[in-house]
Each structure stands twice: as C-alpha cells, then as structure tokens.
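*Asks:* Sharing final.tsv, TSV, C-alpha atoms and all ligand atoms:
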```tsv
chain	number	residue	atom	x	y	z
A	25	MET	CA	-22.53	69.81	13.78
A	26	LYS	CA	-20.90	67.69	16.49
A	27	ARG	CA	-22.43	64.59	14.91
A	28	ILE	CA	-21.07	65.46	11.51
A	29	LEU	CA	-17.64	66.03	13.00
A	30	LEU	CA	-17.82	62.68	14.78
A	31	ALA	CA	-18.87	60.95	11.56
A	32	ILE	CA	-15.93	62.51	9.70
A	33	LEU	CA	-13.58	61.43	12.47
A	34	CYS	CA	-14.89	57.84	12.37
A	35	LEU	CA	-14.55	57.75	8.62
A	36	GLY	CA	-10.97	58.92	9.01
A	37	VAL	CA	-10.24	56.00	11.36
A	38	VAL	CA	-11.79	53.50	8.94
A	39	VAL	CA	-9.77	54.90	6.05
A	40	ARG	CA	-6.60	54.77	8.16
A	41	LEU	CA	-7.28	51.15	9.12
A	42	ALA	CA	-7.86	50.19	5.50
A	43	GLY	CA	-4.66	51.93	4.52
A	44	ALA	CA	-2.71	49.96	7.12
A	45	GLN	CA	-3.39	46.66	5.34
A	46	ALA	CA	-0.38	44.90	3.88
A	47	VAL	CA	0.15	45.73	0.22
A	48	ASP	CA	-0.14	42.10	-0.80
A	49	THR	CA	-3.41	41.41	1.00
A	50	PRO	CA	-5.60	39.91	-1.71
A	51	ALA	CA	-8.92	41.38	-2.70
A	52	PRO	CA	-11.96	39.34	-1.65
A	53	PRO	CA	-12.19	36.20	-3.82
A	54	GLY	CA	-13.98	36.69	-7.11
A	55	ASN	CA	-14.50	34.32	-9.98
A	56	TYR	CA	-11.31	35.12	-11.84
A	57	VAL	CA	-9.28	32.05	-12.66
A	58	PRO	CA	-6.08	32.71	-14.60
A	59	SER	CA	-5.54	30.47	-17.60
A	60	LEU	CA	-2.71	27.95	-17.30
A	61	GLY	CA	-0.95	29.75	-20.12
A	62	ASP	CA	-1.12	33.00	-18.14
A	63	ILE	CA	0.24	31.34	-15.00
A	64	MET	CA	3.04	29.90	-17.14
A	65	SER	CA	3.79	33.29	-18.68
A	66	ALA	CA	4.17	34.71	-15.16
A	67	MET	CA	6.38	31.75	-14.33
A	68	GLN	CA	8.50	32.45	-17.41
A	69	LEU	CA	8.92	36.07	-16.35
A	70	ARG	CA	9.92	35.07	-12.84
A	71	HIS	CA	12.24	32.36	-14.11
A	72	PHE	CA	13.95	35.06	-16.12
A	73	LYS	CA	14.11	37.60	-13.27
A	74	LEU	CA	15.33	34.99	-10.82
A	75	TRP	CA	18.22	34.26	-13.14
A	76	PHE	CA	19.30	37.88	-13.52
A	77	ALA	CA	18.91	38.64	-9.84
A	78	GLY	CA	21.11	35.65	-8.99
A	79	ARG	CA	23.64	36.43	-11.71
A	80	LEU	CA	24.07	39.96	-10.35
A	81	LYS	CA	24.13	38.70	-6.75
A	82	ASN	CA	21.01	40.61	-5.84
A	83	TRP	CA	20.13	37.89	-3.33
A	84	ASP	CA	17.16	39.72	-1.82
A	85	LEU	CA	15.55	40.06	-5.23
A	86	ALA	CA	16.43	36.45	-6.08
A	87	ALA	CA	14.73	35.24	-2.88
A	88	TYR	CA	11.69	37.30	-3.76
A	89	GLU	CA	11.46	35.96	-7.32
A	90	LEU	CA	11.91	32.38	-6.13
A	91	ASP	CA	9.04	32.90	-3.73
A	92	ARG	CA	6.90	34.24	-6.60
A	93	ILE	CA	7.77	31.23	-8.78
A	94	LYS	CA	6.69	28.93	-5.96
A	95	SER	CA	3.40	30.75	-5.75
A	96	SER	CA	2.95	30.21	-9.52
A	97	PHE	CA	3.56	26.45	-8.96
A	98	ALA	CA	0.89	26.49	-6.28
A	99	ASP	CA	-1.55	28.34	-8.55
A	100	ALA	CA	-0.93	25.91	-11.41
A	101	MET	CA	-1.50	22.87	-9.18
A	102	GLY	CA	-4.47	24.40	-7.38
A	103	PHE	CA	-6.36	25.58	-10.45
A	104	TYR	CA	-5.27	22.82	-12.85
A	105	PRO	CA	-5.12	19.53	-10.97
A	106	GLY	CA	-5.07	17.77	-14.37
A	107	ILE	CA	-1.45	18.69	-15.06
A	108	PRO	CA	1.01	15.95	-14.11
A	109	VAL	CA	1.65	16.43	-10.42
A	110	ALA	CA	4.79	14.29	-10.56
A	111	ASP	CA	6.28	16.77	-13.01
A	112	MET	CA	5.24	19.68	-10.85
A	113	THR	CA	6.75	18.18	-7.71
A	114	ALA	CA	9.95	17.52	-9.71
A	115	MET	CA	10.46	21.28	-9.51
A	116	GLY	CA	10.65	21.03	-5.70
A	117	PRO	CA	14.23	19.78	-5.24
A	118	PRO	CA	15.85	22.30	-7.64
A	119	ALA	CA	13.77	25.09	-6.09
A	120	GLN	CA	14.99	24.00	-2.66
A	121	GLN	CA	18.61	23.98	-3.87
A	122	ILE	CA	18.19	27.44	-5.36
A	123	ASP	CA	16.83	28.59	-2.02
A	124	GLU	CA	19.89	27.20	-0.23
A	125	ALA	CA	22.25	28.75	-2.80
A	126	ILE	CA	20.59	32.15	-2.32
A	127	LYS	CA	20.95	31.89	1.46
A	128	ALA	CA	24.60	30.85	1.09
A	129	LYS	CA	25.14	33.55	-1.61
A	130	ASP	CA	26.69	30.80	-3.71
A	131	SER	CA	26.65	31.84	-7.39
A	132	LYS	CA	28.02	28.56	-8.71
A	133	GLU	CA	25.47	26.41	-6.90
A	134	PHE	CA	22.76	28.89	-7.87
A	135	ALA	CA	23.61	28.49	-11.58
A	136	ARG	CA	23.73	24.70	-11.30
A	137	ALA	CA	20.37	24.43	-9.51
A	138	PHE	CA	18.81	26.94	-11.90
A	139	GLY	CA	19.84	24.67	-14.79
A	140	ASP	CA	18.11	21.74	-13.04
A	141	LEU	CA	14.97	23.81	-12.53
A	142	THR	CA	14.92	24.66	-16.23
A	143	VAL	CA	15.25	20.96	-17.14
A	144	ALA	CA	12.25	20.27	-14.87
A	145	CYS	CA	10.20	22.97	-16.67
A	146	ASN	CA	10.88	21.33	-20.02
A	147	SER	CA	10.32	17.77	-18.88
A	148	CYS	CA	6.73	18.61	-17.98
A	149	HIS	CA	6.23	20.40	-21.30
A	150	GLN	CA	7.46	17.25	-23.05
A	151	ALA	CA	5.35	14.94	-20.86
A	152	ILE	CA	2.22	16.91	-21.61
A	153	GLY	CA	2.64	17.15	-25.37
A	154	ARG	CA	3.97	20.71	-25.35
A	155	GLY	CA	7.55	19.80	-26.16
A	156	PHE	CA	7.64	22.77	-28.53
A	157	ILE	CA	7.70	25.08	-25.48
A	158	VAL	CA	11.37	25.07	-24.62
A	159	VAL	CA	12.58	27.17	-21.73
A	160	GLN	CA	16.28	27.94	-21.45
A	161	VAL	CA	18.66	29.78	-19.15
A	162	PRO	CA	18.28	33.43	-20.23
A	163	THR	CA	21.04	34.89	-22.32
A	164	SER	CA	20.22	38.60	-22.21
A	165	SER	CA	17.70	40.91	-20.57
A	166	PRO	CA	14.78	42.27	-22.58
A	167	PHE	CA	13.78	44.34	-19.54
A	168	SER	CA	15.38	47.74	-19.65
A	169	ASN	CA	12.79	49.05	-17.17
A	170	GLN	CA	14.04	47.11	-14.14
A	171	SER	CA	17.49	47.08	-12.65
A	172	PHE	CA	18.53	43.65	-11.42
A	173	ALA	CA	21.70	44.79	-9.71
A	174	PRO	CA	21.60	45.26	-5.94
A	175	ALA	CA	20.65	48.80	-4.90
A	176	ALA	CA	23.68	51.08	-4.65
A	177	SER	CA	23.02	51.77	-0.95
A	178	LYS	CA	23.80	48.18	-0.01
B	201	LIG	C1	3.73	20.22	-14.37
B	201	LIG	C2	3.85	20.71	-15.69
B	201	LIG	C3	4.58	21.99	-15.99
B	201	LIG	C4	5.71	22.49	-15.41
B	201	LIG	C5	6.52	21.92	-14.26
B	201	LIG	C6	6.02	23.72	-16.10
B	201	LIG	N1	5.10	23.94	-17.08
B	201	LIG	FE1	5.09	25.51	-18.36
B	201	LIG	N2	3.43	24.77	-19.26
B	201	LIG	C7	2.74	23.65	-18.88
B	201	LIG	C8	1.56	23.48	-19.73
B	201	LIG	C9	0.54	22.38	-19.62
B	201	LIG	C10	1.57	24.57	-20.63
B	201	LIG	C11	0.55	24.87	-21.74
B	201	LIG	C12	-0.54	25.74	-21.16
B	201	LIG	C13	-1.66	25.96	-22.13
B	201	LIG	O1	-1.54	25.54	-23.28
B	201	LIG	O2	-2.64	26.57	-21.73
B	201	LIG	C14	2.77	25.35	-20.32
B	201	LIG	C15	3.13	26.49	-21.00
B	201	LIG	C16	4.25	27.24	-20.73
B	201	LIG	C17	4.65	28.42	-21.45
B	201	LIG	C18	3.94	29.02	-22.68
B	201	LIG	C19	3.01	30.11	-22.21
B	201	LIG	C20	2.69	31.06	-23.32
B	201	LIG	O3	1.59	31.64	-23.26
B	201	LIG	O4	3.50	31.25	-24.22
B	201	LIG	C21	5.78	28.90	-20.87
B	201	LIG	C22	6.58	30.12	-21.28
B	201	LIG	C23	6.08	28.03	-19.75
B	201	LIG	N3	5.13	27.02	-19.70
B	201	LIG	C24	7.13	28.24	-18.88
B	201	LIG	C25	7.44	27.39	-17.83
B	201	LIG	C26	8.56	27.59	-16.94
B	201	LIG	C27	9.54	28.73	-17.00
B	201	LIG	C28	8.56	26.54	-16.08
B	201	LIG	C29	9.50	26.25	-14.98
B	201	LIG	C30	9.92	27.29	-14.07
B	201	LIG	C31	7.41	25.70	-16.43
B	201	LIG	N4	6.77	26.26	-17.50
B	201	LIG	C32	7.09	24.53	-15.78
B	201	LIG	C33	3.10	22.76	-17.90
B	201	LIG	C34	4.21	22.90	-17.06
```
Take the structure in this file and express it as structure tokens.
Ligand code: HEC
*Replies:*
Amino acid sequence: MKRILLAILCLGVVVRLAGAQAVDTPAPPGNYVPSLGDIMSAMQLRHFKLWFAGRLKNWDLAAYELDRIKSSFADAMGFYPGIPVADMTAMGPPAQQIDEAIKAKDSKEFARAFGDLTVACNSCHQAIGRGFIVVQVPTSSPFSNQSFAPAASK
C-alpha cells in the first residue's frame, strides 16, 4: 500500500513538473514542415493583426505580433533557402523601425514603417514571379472574434 501511495505521489510530481513548462515550449521535433504558402498565410494574418494592434495603440499586442512575424520570416528562410534571401532581409529595416515605433508608442512612425514593410512583402512576390499576390495595408477587420483594442484595465 505504501508503495502504491509513493508511486502516486511520484506521478503527481512528474505531472506537476510537466505542467510547469512554458506554454510555448515546442513539442519534440517531428517531420512536419509547413508549406511556404502556409507560412505566408500566417504572415498575412500577423501583418493584419500587427496593423490593427498598432492602429488602436495596443502596443503590447503590436510587439507580440511583430515578434510572431519575425518568427515567420525565420521559418520561411530556414525551411525554404531557395527564396531570395536579399528580399527577405529587405524586411529587416522596416521591421526594426516598427519595433522602435512600438517602443516609442509613435503611431505616425508606426504607420510609415508598416507601409515600408508592406512594400518589402510585395517586392519579393514580384521578384519571385508571384506579382499577383499583392499585400496592402488593411482597410477593415474581418476578425470579429478578437479585440485589438488595449484591455480596459490598462
Ligand atoms: C523573400 C520573399 C518573400 C517575402 C519577403 C514575402 N513573401 Fe509572401 N510569398 C512568397 C512566396 C514565394 C509565396 C508563394 C508561396 C507558394 O506558392 O507556395 C508567397 C505567398 C504569399 C501569400 C499567398 C499565400 C496564400 O496561400 O494565399 C501571402 C498572403 C503572402 N505571401 C503574404 C506575405 C506578407 C504579408 C509578407 C510580408 C509581411 C510577405 N508575404 C513577404 C515570398 C515572400
């Protein structure tokens, strides 16, 4: 009986430890490689959310979405080294300026740098023969299931 109790206790500790892992700790690597189109669709979503977060001065959310976009850049370059690296690195300076605008809470600079980022998206699409994929600064939100305004408590 004591042994069973001990085993249950140990199991409890293991479960607790597993539960303490950060929510974004990745699962062990498998063989899943997202298609470039899927990475780009995620990028499109984040490009959109970044814009609305910045527009509504939700700077925490904007910083988060910018970070997610950067991770999509890294995925695209890591999984698809064949895409023009020069065009990918061209996204660096506008992303950096967006980062600075977010830190400075500067809406005007944010909008300007966001425009530059969008130009960089399209110049790669043109360079790679996908000029028919035209990204633009969002005009309205199709997402009624997420609020982009800062939380009321702030
Ligand atoms: C270095 C090149 C490059 C850059 C930079 C780039 N893209 Fe792309 N994008 C591609 C390529 C290549 C495809 C086509 C992928 C395919 O056909 O599988 C694509 C496809 C897309 C698509 C179509 C996906 C679909 O399934 O409809 C969207 C949307 C898109 N990109 C958005 C963006 C956005 C937003 C940015 C900037 C934040 C961006 N892209 C920057 C190369 C790039």
*Asks:* Find the residue from A:Ala173, A:Leu85, A:Leu80, A:Val158 that sits nearest to ligand LIG 201 (chain B); use only C-alpha atoms and all ligand atoms when measuring.
*Replies:*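 For ligand LIG 201 (chain B), the nearest of the given residues is A:Val158.
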*Asks:* Identify, on the basis of all atoms listed in the file, every residue whose closest approach to Lys127 (chain A) does not exceed 12 Å; exclude the query and any residue fewer than 6 positions from it along the same chain; express the result as an MDAnalysis selection string.
*Replies:* chainID A and resid 78 81:88 90 120:121 133:134
*Asks:* Residues at most 9 Å from ligand LIG 201 (chain B), using all atoms listed in the file? Could they come as a PDB file with C-alpha atoms, in the frame of the given file?
*Replies:*
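Done, and the output landed in part00.pdb:
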```
ATOM      1  CA  SER A  59      -5.540  30.470 -17.600  1.00  0.00           C
ATOM      2  CA  LEU A  60      -2.710  27.950 -17.300  1.00  0.00           C
ATOM      3  CA  GLY A  61      -0.950  29.750 -20.120  1.00  0.00           C
ATOM      4  CA  ASP A  62      -1.120  33.000 -18.140  1.00  0.00           C
ATOM      5  CA  ILE A  63       0.240  31.340 -15.000  1.00  0.00           C
ATOM      6  CA  MET A  64       3.040  29.900 -17.140  1.00  0.00           C
ATOM      7  CA  SER A  65       3.790  33.290 -18.680  1.00  0.00           C
ATOM      8  CA  ALA A  66       4.170  34.710 -15.160  1.00  0.00           C
ATOM      9  CA  MET A  67       6.380  31.750 -14.330  1.00  0.00           C
ATOM     10  CA  GLN A  68       8.500  32.450 -17.410  1.00  0.00           C
ATOM     11  CA  LEU A  69       8.920  36.070 -16.350  1.00  0.00           C
ATOM     12  CA  ARG A  70       9.920  35.070 -12.840  1.00  0.00           C
ATOM     13  CA  HIS A  71      12.240  32.360 -14.110  1.00  0.00           C
ATOM     14  CA  PHE A  72      13.950  35.060 -16.120  1.00  0.00           C
ATOM     15  CA  ILE A  93       7.770  31.230  -8.780  1.00  0.00           C
ATOM     16  CA  LYS A  94       6.690  28.930  -5.960  1.00  0.00           C
ATOM     17  CA  SER A  96       2.950  30.210  -9.520  1.00  0.00           C
ATOM     18  CA  PHE A  97       3.560  26.450  -8.960  1.00  0.00           C
ATOM     19  CA  ALA A 100      -0.930  25.910 -11.410  1.00  0.00           C
ATOM     20  CA  MET A 101      -1.500  22.870  -9.180  1.00  0.00           C
ATOM     21  CA  TYR A 104      -5.270  22.820 -12.850  1.00  0.00           C
ATOM     22  CA  GLY A 106      -5.070  17.770 -14.370  1.00  0.00           C
ATOM     23  CA  ILE A 107      -1.450  18.690 -15.060  1.00  0.00           C
ATOM     24  CA  PRO A 108       1.010  15.950 -14.110  1.00  0.00           C
ATOM     25  CA  VAL A 109       1.650  16.430 -10.420  1.00  0.00           C
ATOM     26  CA  ALA A 110       4.790  14.290 -10.560  1.00  0.00           C
ATOM     27  CA  ASP A 111       6.280  16.770 -13.010  1.00  0.00           C
ATOM     28  CA  MET A 112       5.240  19.680 -10.850  1.00  0.00           C
ATOM     29  CA  THR A 113       6.750  18.180  -7.710  1.00  0.00           C
ATOM     30  CA  ALA A 114       9.950  17.520  -9.710  1.00  0.00           C
ATOM     31  CA  MET A 115      10.460  21.280  -9.510  1.00  0.00           C
ATOM     32  CA  LEU A 141      14.970  23.810 -12.530  1.00  0.00           C
ATOM     33  CA  THR A 142      14.920  24.660 -16.230  1.00  0.00           C
ATOM     34  CA  VAL A 143      15.250  20.960 -17.140  1.00  0.00           C
ATOM     35  CA  ALA A 144      12.250  20.270 -14.870  1.00  0.00           C
ATOM     36  CA  CYS A 145      10.200  22.970 -16.670  1.00  0.00           C
ATOM     37  CA  ASN A 146      10.880  21.330 -20.020  1.00  0.00           C
ATOM     38  CA  SER A 147      10.320  17.770 -18.880  1.00  0.00           C
ATOM     39  CA  CYS A 148       6.730  18.610 -17.980  1.00  0.00           C
ATOM     40  CA  HIS A 149       6.230  20.400 -21.300  1.00  0.00           C
ATOM     41  CA  GLN A 150       7.460  17.250 -23.050  1.00  0.00           C
ATOM     42  CA  ALA A 151       5.350  14.940 -20.860  1.00  0.00           C
ATOM     43  CA  ILE A 152       2.220  16.910 -21.610  1.00  0.00           C
ATOM     44  CA  GLY A 153       2.640  17.150 -25.370  1.00  0.00           C
ATOM     45  CA  ARG A 154       3.970  20.710 -25.350  1.00  0.00           C
ATOM     46  CA  ILE A 157       7.700  25.080 -25.480  1.00  0.00           C
ATOM     47  CA  VAL A 158      11.370  25.070 -24.620  1.00  0.00           C
ATOM     48  CA  VAL A 159      12.580  27.170 -21.730  1.00  0.00           C
ATOM     49  CA  GLN A 160      16.280  27.940 -21.450  1.00  0.00           C
TER      50      GLN A 160
END
```
*Asks:* Counting all atoms listed in the file, figure out which residue out of A:Ala176, A:Leu74, A:Val57, A:Ala98 gets nearest to Val161 (chain A).
*Replies:*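 Among A:Ala176, A:Leu74, A:Val57, A:Ala98, it is A:Leu74 that comes nearest to Val161 (chain A).
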*Asks:* Just give me the gap between CA of Ile122 (chain A) and CA of Phe138 (chain A) in Å, one decimal is fine.
*Replies:*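 Answer for the CA of Ile122 (chain A) to CA of Phe138 (chain A) separation: 6.6 Å.
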